[in-house]
file query_31.csv (CSV, C-alpha atoms)
chain,number,residue,atom,x,y,z
A,1,TYR,CA,24.3,-41.3,10.2
A,2,HIS,CA,23.8,-38.8,13.1
A,3,GLN,CA,26.0,-40.9,15.4
A,4,GLU,CA,28.7,-41.6,12.8
A,5,THR,CA,29.2,-38.0,11.8
A,6,LYS,CA,29.2,-36.4,15.2
A,7,HIS,CA,32.3,-34.5,16.4
A,8,HIS,CA,33.9,-36.4,19.3
A,9,PHE,CA,36.0,-35.2,22.2
A,10,PHE,CA,39.2,-36.7,20.8
A,11,ARG,CA,38.5,-36.3,17.0
A,12,SER,CA,36.5,-34.3,14.6
A,13,ALA,CA,34.0,-35.8,12.1
A,14,ARG,CA,35.6,-37.3,9.0
A,15,SER,CA,36.4,-34.9,6.2
A,16,LEU,CA,39.1,-34.4,3.5
A,17,GLY,CA,41.3,-32.8,6.2
A,18,TYR,CA,42.3,-29.8,4.1
A,19,MET,CA,40.7,-27.2,1.9
A,20,ASP,CA,41.1,-28.1,-1.8
A,21,TRP,CA,40.8,-24.5,-3.0
A,22,ALA,CA,41.5,-25.3,-6.6
A,23,ASN,CA,38.4,-27.6,-6.6
A,24,GLN,CA,36.1,-25.3,-4.7
A,25,PRO,CA,32.6,-25.5,-6.3
A,26,ASP,CA,31.1,-22.5,-8.0
A,27,PRO,CA,28.4,-21.1,-5.7
A,28,PHE,CA,26.2,-20.1,-8.7
A,29,ARG,CA,24.4,-22.7,-10.8
A,30,ARG,CA,23.3,-21.9,-14.3
A,31,PHE,CA,21.6,-23.9,-17.0
A,32,GLU,CA,23.4,-23.1,-20.2
A,33,GLY,CA,21.1,-22.6,-23.2
A,34,ALA,CA,18.1,-21.8,-21.0
A,35,PRO,CA,16.4,-18.4,-21.7
A,36,LEU,CA,17.3,-15.9,-19.0
A,37,ILE,CA,14.7,-13.3,-17.9
A,38,SER,CA,16.1,-10.5,-15.8
A,39,LEU,CA,14.0,-9.4,-12.8
A,40,PRO,CA,13.6,-5.7,-12.1
A,41,LEU,CA,16.2,-4.5,-9.6
A,42,LEU,CA,14.0,-2.7,-7.1
A,43,LYS,CA,15.1,0.0,-4.6
A,44,PRO,CA,13.9,0.0,-1.0
A,45,GLY,CA,11.5,2.9,-1.9
A,46,ASP,CA,10.1,1.2,-5.0
A,47,ALA,CA,6.7,-0.6,-5.1
A,48,PRO,CA,5.9,-3.0,-3.7
A,49,LEU,CA,6.9,-1.3,-0.5
A,50,SER,CA,8.1,-3.3,2.4
A,51,PRO,CA,5.8,-3.4,5.4
A,52,LEU,CA,7.0,-2.6,8.9
A,53,TYR,CA,8.9,-5.4,10.5
A,54,GLU,CA,6.5,-5.6,13.4
A,55,ASP,CA,3.6,-6.0,11.0
A,56,LEU,CA,4.9,-9.5,10.1
A,57,TYR,CA,3.7,-10.6,13.5
A,58,ARG,CA,0.3,-8.9,13.4
A,59,PRO,CA,-2.4,-11.2,11.8
A,60,GLY,CA,-4.0,-9.5,8.8
A,61,ALA,CA,-1.9,-6.4,9.0
A,62,ILE,CA,-0.4,-6.8,5.5
A,63,ALA,CA,-2.7,-6.6,2.4
A,64,SER,CA,-1.9,-9.1,-0.3
A,65,ALA,CA,-0.1,-7.9,-3.4
A,66,PRO,CA,-0.9,-9.5,-6.8
A,67,VAL,CA,1.5,-11.9,-8.3
A,68,THR,CA,3.5,-9.8,-10.8
A,69,VAL,CA,7.1,-9.7,-12.1
A,70,ARG,CA,7.8,-7.0,-9.5
A,71,THR,CA,6.3,-8.9,-6.6
A,72,LEU,CA,8.2,-12.0,-7.6
A,73,SER,CA,11.4,-10.0,-7.7
A,74,ARG,CA,10.7,-8.8,-4.1
A,75,PHE,CA,9.9,-12.4,-3.0
A,76,LEU,CA,13.2,-13.7,-4.4
A,77,GLU,CA,15.1,-10.7,-3.2
A,78,TYR,CA,14.0,-11.2,0.4
A,79,SER,CA,14.5,-15.0,0.3
A,80,LEU,CA,17.3,-16.2,-1.9
A,81,ALA,CA,19.1,-13.2,-3.5
A,82,ILE,CA,22.5,-11.7,-2.9
A,83,SER,CA,22.3,-9.2,-0.2
A,84,ALA,CA,25.9,-7.9,-0.2
A,85,TRP,CA,29.4,-8.5,-1.7
A,86,LYS,CA,32.5,-8.6,0.5
A,87,GLN,CA,36.2,-8.6,-0.4
A,88,ALA,CA,39.5,-9.4,1.3
A,89,GLY,CA,42.5,-8.8,-0.9
A,90,GLU,CA,41.8,-10.3,-4.2
A,91,VAL,CA,39.1,-12.7,-2.9
A,92,ARG,CA,35.5,-11.5,-3.3
A,93,TRP,CA,32.4,-13.4,-2.2
A,94,ALA,CA,28.7,-12.9,-2.0
A,95,LEU,CA,26.3,-12.9,1.0
A,96,ARG,CA,22.7,-13.9,0.6
A,97,ALA,CA,19.4,-13.2,2.2
A,98,ASN,CA,19.1,-16.8,3.3
A,99,PRO,CA,21.7,-18.0,5.9
A,100,SER,CA,24.0,-20.9,5.0
A,101,SER,CA,26.5,-23.0,6.8
A,102,GLY,CA,30.0,-21.8,5.8
A,103,ASN,CA,28.4,-19.4,3.3
A,104,LEU,CA,28.5,-22.3,0.8
A,105,HIS,CA,24.9,-22.1,-0.3
A,106,PRO,CA,24.0,-25.6,-1.5
A,107,THR,CA,20.3,-24.7,-1.9
A,108,GLU,CA,18.9,-23.9,-5.3
A,109,GLY,CA,15.5,-22.3,-5.8
A,110,TYR,CA,12.8,-22.9,-8.5
A,111,LEU,CA,9.4,-21.5,-9.4
A,112,LEU,CA,6.5,-23.4,-11.1
A,113,ILE,CA,4.2,-20.6,-12.1
A,114,ASP,CA,1.5,-19.5,-14.5
A,115,ALA,CA,1.9,-16.9,-17.2
A,116,VAL,CA,3.0,-13.6,-15.7
A,117,ALA,CA,3.2,-10.4,-17.8
A,118,GLY,CA,6.9,-9.4,-18.2
A,119,LEU,CA,8.0,-13.0,-17.5
A,120,SER,CA,6.4,-15.3,-20.0
A,121,PRO,CA,3.0,-15.7,-21.8
A,122,PHE,CA,2.8,-19.3,-20.7
A,123,PRO,CA,3.3,-21.3,-17.5
A,124,GLY,CA,6.8,-22.4,-16.8
A,125,LEU,CA,9.4,-24.0,-14.6
A,126,TYR,CA,12.1,-21.5,-13.7
A,127,HIS,CA,15.5,-21.7,-11.9
A,128,TYR,CA,16.5,-18.7,-9.9
A,129,ALA,CA,19.9,-17.4,-10.9
A,130,ALA,CA,21.0,-15.4,-7.8
A,131,LYS,CA,24.1,-13.7,-9.3
A,132,GLU,CA,22.0,-12.2,-12.1
A,133,HIS,CA,18.8,-11.8,-10.1
A,134,ALA,CA,17.0,-13.5,-13.0
A,135,LEU,CA,14.9,-16.5,-13.8
A,136,GLU,CA,16.1,-19.2,-16.2
A,137,LEU,CA,13.3,-20.9,-18.1
A,138,ARG,CA,13.9,-24.6,-17.6
A,139,ALA,CA,10.6,-25.8,-19.1
A,140,GLU,CA,7.5,-24.6,-20.9
A,141,LEU,CA,4.4,-26.0,-19.3
A,142,PRO,CA,1.0,-26.6,-21.0
A,143,GLY,CA,-1.6,-24.2,-19.7
A,144,GLU,CA,-4.3,-26.8,-19.1
A,145,SER,CA,-1.8,-29.0,-17.2
A,146,PHE,CA,-0.8,-26.1,-14.9
A,147,ILE,CA,-4.5,-25.4,-14.2
A,148,SER,CA,-5.0,-29.0,-13.3
A,149,LEU,CA,-2.0,-29.0,-11.1
A,150,THR,CA,-3.1,-26.0,-9.0
A,151,GLN,CA,-6.9,-26.3,-9.2
A,152,GLU,CA,-7.1,-27.3,-5.5
A,153,PHE,CA,-5.1,-24.2,-4.4
A,154,PRO,CA,-6.3,-20.5,-4.1
A,155,PRO,CA,-6.2,-18.2,-7.2
A,156,GLN,CA,-2.7,-17.0,-8.3
A,157,ALA,CA,-1.0,-19.8,-6.4
A,158,PHE,CA,2.4,-21.0,-7.6
A,159,LEU,CA,4.9,-23.5,-6.4
A,160,ALA,CA,8.3,-22.8,-5.0
A,161,GLY,CA,10.9,-25.7,-5.1
A,162,PHE,CA,14.2,-26.3,-3.3
A,163,THR,CA,17.1,-28.6,-4.1
A,164,SER,CA,20.5,-29.1,-2.7
A,165,VAL,CA,23.9,-29.4,-4.5
A,166,ASN,CA,25.3,-31.6,-1.8
A,167,TRP,CA,28.8,-31.4,-3.3
A,168,ARG,CA,29.0,-27.7,-2.2
A,169,GLU,CA,29.0,-28.8,1.4
A,170,THR,CA,30.8,-32.1,0.9
A,171,TRP,CA,33.8,-30.2,-0.5
A,172,LYS,CA,34.4,-28.6,3.0
A,173,TYR,CA,32.6,-30.8,5.5
A,174,GLY,CA,33.0,-34.3,4.2
A,175,GLU,CA,30.7,-36.8,5.8
A,176,ARG,CA,28.7,-34.1,7.7
A,177,ALA,CA,27.6,-32.5,4.4
A,178,PHE,CA,24.1,-34.0,4.4
A,179,ARG,CA,23.4,-32.4,7.8
A,180,TYR,CA,24.3,-29.0,6.5
A,181,CYS,CA,22.3,-29.3,3.3
A,182,GLN,CA,19.2,-30.2,5.4
A,183,HIS,CA,20.0,-27.3,7.7
A,184,ASP,CA,20.4,-24.9,4.9
A,185,VAL,CA,17.2,-25.8,3.0
A,186,GLY,CA,15.4,-25.2,6.3
A,187,HIS,CA,16.9,-21.7,6.3
A,188,ALA,CA,15.7,-21.2,2.7
A,189,ILE,CA,12.1,-22.4,3.6
A,190,GLY,CA,12.0,-20.0,6.5
A,191,SER,CA,13.4,-17.1,4.5
A,192,ALA,CA,10.9,-17.7,1.7
A,193,ARG,CA,8.0,-17.8,4.2
A,194,ILE,CA,9.1,-14.5,5.7
A,195,ALA,CA,9.5,-13.0,2.2
A,196,ALA,CA,6.0,-14.2,1.3
A,197,GLN,CA,4.6,-12.5,4.5
A,198,THR,CA,6.0,-9.2,3.4
A,199,LEU,CA,3.8,-9.4,0.4
A,200,GLY,CA,0.7,-10.6,2.2
A,201,TRP,CA,1.2,-14.1,0.8
A,202,ARG,CA,1.2,-17.4,2.5
A,203,MET,CA,3.4,-20.4,2.0
A,204,LEU,CA,2.6,-24.1,2.8
A,205,LEU,CA,5.1,-26.9,2.6
A,206,LEU,CA,3.7,-29.8,0.5
A,207,ASP,CA,5.2,-32.5,2.7
A,208,GLY,CA,2.9,-35.3,1.3
A,209,LEU,CA,4.9,-35.5,-1.9
A,210,ALA,CA,7.3,-38.3,-2.7
A,211,ASP,CA,10.9,-37.3,-3.5
A,212,ASP,CA,10.6,-38.8,-7.0
A,213,THR,CA,7.7,-36.4,-7.6
A,214,VAL,CA,9.7,-33.4,-6.4
A,215,ALA,CA,12.7,-34.5,-8.6
A,216,ALA,CA,10.4,-34.9,-11.7
A,217,MET,CA,8.6,-31.6,-11.2
A,218,LEU,CA,11.9,-29.7,-10.8
A,219,GLY,CA,13.7,-31.6,-13.6
A,220,VAL,CA,16.6,-32.7,-11.4
A,221,ASP,CA,16.0,-36.3,-12.3
A,222,ARG,CA,16.9,-35.6,-16.0
A,223,ALA,CA,20.3,-37.2,-16.4
A,224,GLU,CA,20.6,-35.7,-19.9
A,225,ASP,CA,20.6,-32.2,-18.4
A,226,PHE,CA,23.3,-33.0,-15.9
A,227,GLY,CA,25.9,-34.8,-18.0
A,228,GLY,CA,29.2,-34.2,-16.3
A,229,ALA,CA,27.7,-31.7,-13.9
A,230,GLU,CA,27.1,-32.1,-10.1
A,231,ARG,CA,23.6,-33.4,-9.4
A,232,GLU,CA,20.9,-31.7,-7.3
A,233,HIS,CA,19.0,-33.5,-4.5
A,234,PRO,CA,15.3,-32.9,-4.5
A,235,ASP,CA,14.3,-31.3,-1.1
A,236,CYS,CA,10.8,-30.0,-1.3
A,237,LEU,CA,8.0,-28.1,-2.9
A,238,ALA,CA,5.8,-25.5,-1.3
A,239,VAL,CA,2.7,-23.7,-2.5
A,240,VAL,CA,2.6,-19.8,-2.2
A,241,TRP,CA,-0.5,-17.7,-2.7
A,242,PRO,CA,-1.8,-14.2,-2.0
A,243,ASP,CA,-3.8,-14.6,1.2
A,244,ASP,CA,-6.6,-12.2,0.1
A,245,GLN,CA,-7.4,-14.5,-2.8
A,246,VAL,CA,-9.1,-17.0,-0.5
A,247,SER,CA,-12.0,-14.7,-0.4
A,248,GLY,CA,-13.3,-16.3,-3.5
A,249,LEU,CA,-13.4,-19.7,-1.9
A,250,PRO,CA,-16.3,-21.2,0.2
A,251,THR,CA,-17.0,-19.1,3.3
A,252,GLY,CA,-15.8,-20.1,6.8
A,253,ASN,CA,-12.9,-19.6,9.2
A,254,SER,CA,-10.6,-21.9,7.4
A,255,ILE,CA,-9.8,-23.4,4.0
A,256,SER,CA,-8.9,-26.9,3.1
A,257,LEU,CA,-5.7,-27.4,1.2
A,258,PRO,CA,-3.9,-30.6,0.1
A,259,LEU,CA,-0.4,-31.4,1.2
A,260,SER,CA,0.4,-33.1,-2.1
A,261,LEU,CA,-0.4,-32.9,-5.8
A,262,ALA,CA,-2.8,-34.9,-8.0
A,263,PRO,CA,-0.9,-37.8,-9.6
A,264,ASP,CA,-2.5,-37.3,-13.0
A,265,ALA,CA,-1.6,-33.6,-13.0
A,266,VAL,CA,2.0,-34.4,-12.1
A,267,ARG,CA,2.3,-36.9,-14.9
A,268,ASP,CA,1.0,-34.3,-17.4
A,269,MET,CA,3.5,-31.7,-16.1
A,270,THR,CA,6.5,-33.8,-16.9
A,271,ARG,CA,5.6,-33.9,-20.6
A,272,HIS,CA,6.9,-30.6,-21.8
A,273,ILE,CA,9.7,-28.8,-23.6
A,274,TRP,CA,13.0,-28.5,-21.6
A,275,HIS,CA,15.7,-25.9,-21.9
A,276,GLY,CA,19.3,-25.8,-20.8
A,277,LYS,CA,22.1,-28.0,-19.4
A,278,ALA,CA,23.5,-27.6,-15.9
A,279,ASN,CA,27.0,-26.0,-15.6
A,280,ARG,CA,29.8,-27.9,-14.0
A,281,LEU,CA,30.7,-26.4,-10.6
A,282,SER,CA,34.2,-27.9,-9.9
A,283,ARG,CA,37.2,-28.7,-12.0
A,284,ASP,CA,37.5,-32.2,-10.7
A,285,ASP,CA,34.9,-34.8,-9.9
A,286,PRO,CA,33.3,-34.6,-6.4
A,287,VAL,CA,35.0,-36.7,-3.6
A,288,GLN,CA,32.8,-39.6,-2.8
A,289,TRP,CA,31.7,-40.6,0.8
A,290,GLU,CA,29.9,-43.9,1.1
A,291,ILE,CA,27.9,-42.8,4.1
A,292,LEU,CA,26.5,-39.9,2.2
A,293,ASN,CA,25.2,-42.2,-0.5
A,294,GLN,CA,23.7,-44.4,2.2
A,295,VAL,CA,21.9,-41.6,4.1
A,296,GLU,CA,20.4,-40.2,0.8
A,297,VAL,CA,19.0,-43.7,0.1
A,298,ALA,CA,17.8,-44.2,3.7
A,299,SER,CA,16.1,-40.8,3.9
A,300,TRP,CA,14.5,-40.9,0.4
A,301,LYS,CA,10.7,-40.5,0.7
A,302,SER,CA,9.4,-43.1,-1.8
A,303,SER,CA,5.7,-42.8,-1.3
A,304,ALA,CA,3.2,-40.0,-1.4
A,305,GLU,CA,0.6,-39.2,1.3
A,306,ARG,CA,-2.7,-37.8,0.4
A,307,ARG,CA,-3.6,-35.5,3.3
A,308,VAL,CA,-5.6,-32.3,3.6
A,309,ILE,CA,-5.0,-29.5,6.0
A,310,GLU,CA,-7.5,-27.0,7.5
A,311,LEU,CA,-5.7,-23.7,7.4
A,312,ASP,CA,-6.8,-20.7,9.4
A,313,ARG,CA,-7.9,-17.7,7.2
A,314,GLY,CA,-6.7,-15.2,9.8
A,315,GLY,CA,-4.1,-13.7,7.5
A,316,PRO,CA,-0.4,-14.3,6.5
A,317,ALA,CA,1.1,-13.4,9.9
A,318,ALA,CA,-0.2,-16.4,11.9
A,319,GLN,CA,3.0,-16.8,13.8
A,320,THR,CA,2.1,-14.4,16.6
A,321,PRO,CA,4.5,-14.2,19.5
A,322,ILE,CA,3.5,-15.5,22.9
A,323,ASN,CA,3.4,-11.9,24.1
A,324,SER,CA,1.9,-10.2,21.0
A,325,SER,CA,2.2,-6.7,22.6
A,326,ALA,CA,6.0,-7.1,23.1
A,327,GLN,CA,8.4,-5.6,20.6
A,328,ALA,CA,11.5,-7.1,19.3
A,329,PRO,CA,14.5,-5.6,21.1
A,330,GLY,CA,15.7,-2.4,19.6
A,331,ILE,CA,12.6,-2.0,17.3
A,332,ALA,CA,10.8,1.2,17.9
A,333,PRO,CA,7.2,1.5,16.6
A,334,GLY,CA,7.2,2.0,12.9
A,335,GLN,CA,10.9,1.2,12.4
A,336,PRO,CA,12.5,-0.4,10.7
A,337,SER,CA,10.8,-2.0,7.7
A,338,ALA,CA,10.9,-5.7,7.2
A,339,GLY,CA,13.1,-5.2,4.1
A,340,GLN,CA,15.7,-3.4,6.2
A,341,VAL,CA,15.9,-6.3,8.7
A,342,ILE,CA,16.0,-8.9,6.0
A,343,ARG,CA,18.8,-7.2,4.0
A,344,GLN,CA,21.0,-6.5,7.0
A,345,ARG,CA,21.0,-10.2,8.2
A,346,ARG,CA,24.5,-11.4,9.0
A,347,SER,CA,26.0,-14.3,10.9
A,348,ALA,CA,27.3,-13.6,14.4
A,349,LEU,CA,31.1,-13.9,14.4
A,350,ALA,CA,32.2,-12.8,17.8
A,351,PHE,CA,30.7,-11.9,21.2
A,352,ASP,CA,32.3,-9.6,23.8
A,353,GLY,CA,31.1,-11.6,26.8
A,354,LYS,CA,29.8,-8.4,28.5
A,355,THR,CA,26.8,-7.1,26.6
A,356,SER,CA,23.4,-8.4,27.7
A,357,ILE,CA,19.7,-7.9,27.1
A,358,SER,CA,16.9,-8.2,29.5
A,359,ALA,CA,14.6,-11.2,29.8
A,360,GLY,CA,11.7,-9.0,28.7
A,361,SER,CA,13.5,-8.5,25.4
A,362,PHE,CA,15.0,-11.9,25.0
A,363,PHE,CA,11.9,-14.1,25.4
A,364,PRO,CA,9.7,-12.1,22.8
A,365,LEU,CA,12.7,-12.3,20.5
A,366,LEU,CA,13.0,-16.1,21.1
A,367,ALA,CA,9.2,-16.5,20.6
A,368,ARG,CA,9.4,-15.1,17.1
A,369,VAL,CA,11.8,-17.9,15.9
A,370,MET,CA,9.9,-20.8,17.6
A,371,PRO,CA,8.0,-23.1,15.2
A,372,ARG,CA,4.3,-22.5,15.4
A,373,ILE,CA,1.4,-24.3,13.7
A,374,ASP,CA,-0.9,-21.9,11.9
A,375,LEU,CA,-3.7,-24.4,11.4
A,376,ASP,CA,-6.7,-25.7,13.2
A,377,LEU,CA,-6.7,-29.3,12.1
A,378,CYS,CA,-4.4,-31.6,10.1
A,379,ARG,CA,-6.0,-34.9,9.0
call {"tool": "encode", "arguments": {"input": "query_31.csv", "output": "C-alpha cells"}}
result
Amino acid sequence: YHQETKHHFFRSARSLGYMDWANQPDPFRRFEGAPLISLPLLKPGDAPLSPLYEDLYRPGAIASAPVTVRTLSRFLEYSLAISAWKQAGEVRWALRANPSSGNLHPTEGYLLIDAVAGLSPFPGLYHYAAKEHALELRAELPGESFISLTQEFPPQAFLAGFTSVNWRETWKYGERAFRYCQHDVGHAIGSARIAAQTLGWRMLLLDGLADDTVAAMLGVDRAEDFGGAEREHPDCLAVVWPDDQVSGLPTGNSISLPLSLAPDAVRDMTRHIWHGKANRLSRDDPVQWEILNQVEVASWKSSAERRVIELDRGGPAAQTPINSSAQAPGIAPGQPSAGQVIRQRRSALAFDGKTSISAGSFFPLLARVMPRIDLDLCR
C-alpha cells in the first residue's frame, strides 16, 4: 500500500483528480436520537485552571484533578474541540485543537466512563460532538459490567476511544486516504495525552486489543446504527486515570497495568441499551477505491494480546526532555499556560527563508516531540 500510493516524480498518487465540492462530507458526526449532554463552556480563568506549559515536562509538577463534568470538559477542549472559526467570503470553517491533514478531521472521539454528576447517574458510552461541545449518549452500561471492565485499572479510570471516518479523507486524497487517517488518529492520541497531562491524568494506549473488540466497544460495528451513513473504522482504545489515584494501589515504584481488557467483561459490555443513528455526511455515496478496502483488511488486528506493562509512578509528565533544564524557545518562566499553547496551535503555511533559531533552542524543542517510553518494563 505504501509503495502503490506514493507520489512519484512524474505523477501524483491516484485520486479523483478534482474537488467534488457538492459532495464534500460534513466534518461533524451526530447520532440522531441520542441524548445530548452539553459540557460547560469554561473560560481560561475558570477552574480547573491550566498549569504552566513548562510544568507538562516536570514529573510530578501537576496535581491530579478529580474526574468531573468540568474536568472532562477541559480534557475534550484541549484534545478534540473546536479552537477557532475562520471565514473567507461566504465560506466558514472550524479549526480544532488536534491537527488534521487538510483540516478534514476524520477522527471521532468516544468516552466509556462511569457515572459522573452532571453527566449521567449510570456508566455510559458517549460520542463527542465537537460543534456543540457536548457528549451524545450512545449506550447505557450496566454498573457491574463497567466495574468488571475497569477493575484492573486505577480508581476513576475511564476509556477514551478513537475511530476514523475514512471517507472524509478519501473525498480529497483518494488512495492515500488511509495514510492520512492513521496520521490523524496519531495526532488525536497525542493531543489527548497532552490534555490529560494538564489535569494530572495519565493515558495509556491499550494496544493489546483486537480491532473487533474496539469496534464492539464503541458500537461502530452496529450496521443498524449506520444504515445509509458512512461507516467508522475502529482505531484504538486508551485508558485515562488521575495519576494521584495510584496511591491506593500496592506500594512500589511502579504499577502493573494490562494493555487489553478482560474478554468476559467485554462481552458483558456489549449487552446494553443503544441510542441514536449516525447522520449521513455526504449527498452521494462515497467513491470506492479497491486498494483502500485491501489495506483495511490487511491491517485489521484480528487477535488480542494479553500483556502487562510496568508503569513508572513518577507522575504524569514522564516525557522529560533530554535537557530538562532547557526551556522551549520563546517561553519565559511562568508563561504561557499550557492552555494558551494548546488553543493557539495552527499549521505552518509559509516560511520566509530568513528567520532562524539557535541550536540551543531547536534541540530542546525537538526533544519534546520525540517519542519516549515512560515505563520500566513491558512483558
call {"tool": "atom_distance", "arguments": {"input": "query_31.csv", "atom1": "atom CA of A:Ile255", "atom2": "atom CA of A:Arg202"}}
result
12.6 Å
call {"tool": "closest_residue", "arguments": {"input": "query_31.csv", "among": "A:Ala229, A:Val297, A:Ala117, A:Ala192", "to": "A:Val165", "atoms": "only C-alpha atoms"}}
result
A:Ala229
call {"tool": "atom_distance", "arguments": {"input": "query_31.csv", "atom1": "atom CA of A:Trp93", "atom2": "atom CA of A:Arg168"}}
result
14.7 Å
call {"tool": "atom_distance", "arguments": {"input": "query_31.csv", "atom1": "atom CA of A:Gln344", "atom2": "atom CA of A:Leu56"}}
result
16.7 Å
call {"tool": "closest_residue", "arguments": {"input": "query_31.csv", "among": "A:His2, A:Pro106, A:Tyr57, A:Trp167", "to": "A:Leu365", "atoms": "all atoms listed in the file"}}
result
A:Tyr57
call {"tool": "residues_around", "arguments": {"input": "query_31.csv", "residues": "A:Ala139", "least_positions_apart": "2", "cutoff": "7 Å", "atoms": "only C-alpha atoms", "output": "short mmCIF file (atom, residue, chain, number, x, y, z; two decimals) with C-alpha atoms, keeping the file's coordinate frame"}}
result
data_model
loop_
_atom_site.label_atom_id
_atom_site.label_comp_id
_atom_site.auth_asym_id
_atom_site.auth_seq_id
_atom_site.Cartn_x
_atom_site.Cartn_y
_atom_site.Cartn_z
CA GLY A 124 6.80 -22.40 -16.80
CA LEU A 125 9.40 -24.00 -14.60
CA LEU A 137 13.30 -20.90 -18.10
CA LEU A 141 4.40 -26.00 -19.30
CA HIS A 272 6.90 -30.60 -21.80
CA ILE A 273 9.70 -28.80 -23.60
CA TRP A 274 13.00 -28.50 -21.60
CA HIS A 275 15.70 -25.90 -21.90
#
call {"tool": "residues_around", "arguments": {"input": "query_31.csv", "residues": "A:His187", "least_positions_apart": "3", "cutoff": "9 Å", "atoms": "all atoms listed in the file", "output": "JSON, numbers by chain"}}
result
{"A": [98, 99, 100, 182, 183, 184, 190, 191, 192]}
call {"tool": "residues_around", "arguments": {"input": "query_31.csv", "residues": "stretch 127-132 of chain A", "least_positions_apart": "2", "cutoff": "8 Å", "atoms": "only C-alpha atoms", "output": "list in words"}}
result
Phe28, Arg29, Arg30, Ser38, Leu80, Ala81, Ile82, Glu108, Gly109, Tyr110, Leu111, Leu125, Ala134, Leu135, Glu136, Leu137 and Arg138 of chain A
call {"tool": "closest_atom_pairs", "arguments": {"input": "query_31.csv", "of": "stretch 189-241 of chain A", "to": "stretch 280-291 of chain A", "cutoff": "12 Å", "atoms": "all atoms listed in the file", "output": "CSV"}}
result
residue,atom,partner,partner_atom,distance
A:Asp225,CA,A:Arg280,CA,11.1
A:Phe226,CA,A:Arg280,CA,8.5
A:Gly227,CA,A:Arg280,CA,8.9
A:Gly228,CA,A:Arg280,CA,6.7
A:Ala229,CA,A:Arg280,CA,4.3
A:Glu230,CA,A:Arg280,CA,6.3
A:Arg231,CA,A:Arg280,CA,9.5
A:Glu232,CA,A:Leu281,CA,11.6
call {"tool": "closest_residue", "arguments": {"input": "query_31.csv", "among": "A:Ile357, A:Ile309, A:Ile147, A:Val91", "to": "A:Phe122", "atoms": "only C-alpha atoms"}}
result
A:Ile147
call {"tool": "closest_residue", "arguments": {"input": "query_31.csv", "among": "A:Phe162, A:Cys236, A:Leu104, A:Trp171", "to": "A:Trp21", "atoms": "all atoms listed in the file"}}
result
A:Trp171
call {"tool": "closest_residue", "arguments": {"input": "query_31.csv", "among": "A:Leu259, A:Val239, A:Val69, A:Leu52", "to": "A:Leu39", "atoms": "only C-alpha atoms"}}
result
A:Val69
call {"tool": "residues_around", "arguments": {"input": "query_31.csv", "residues": "A:Asp46", "least_positions_apart": "2", "cutoff": "12 Å", "atoms": "all atoms listed in the file", "output": "short mmCIF file (atom, residue, chain, number, x, y, z; two decimals) with C-alpha atoms, in the frame of the given file"}}
result
data_model
loop_
_atom_site.label_atom_id
_atom_site.label_comp_id
_atom_site.auth_asym_id
_atom_site.auth_seq_id
_atom_site.Cartn_x
_atom_site.Cartn_y
_atom_site.Cartn_z
CA PRO A 40 13.60 -5.70 -12.10
CA LEU A 41 16.20 -4.50 -9.60
CA LEU A 42 14.00 -2.70 -7.10
CA LYS A 43 15.10 0.00 -4.60
CA PRO A 44 13.90 0.00 -1.00
CA PRO A 48 5.90 -3.00 -3.70
CA LEU A 49 6.90 -1.30 -0.50
CA SER A 50 8.10 -3.30 2.40
CA ARG A 70 7.80 -7.00 -9.50
CA THR A 71 6.30 -8.90 -6.60
CA SER A 73 11.40 -10.00 -7.70
CA ARG A 74 10.70 -8.80 -4.10
CA GLY A 339 13.10 -5.20 4.10
#
call {"tool": "closest_residue", "arguments": {"input": "query_31.csv", "among": "A:Ser101, A:Ser83, A:Asn279, A:Gln3", "to": "A:Phe31", "atoms": "only C-alpha atoms"}}
result
A:Asn279
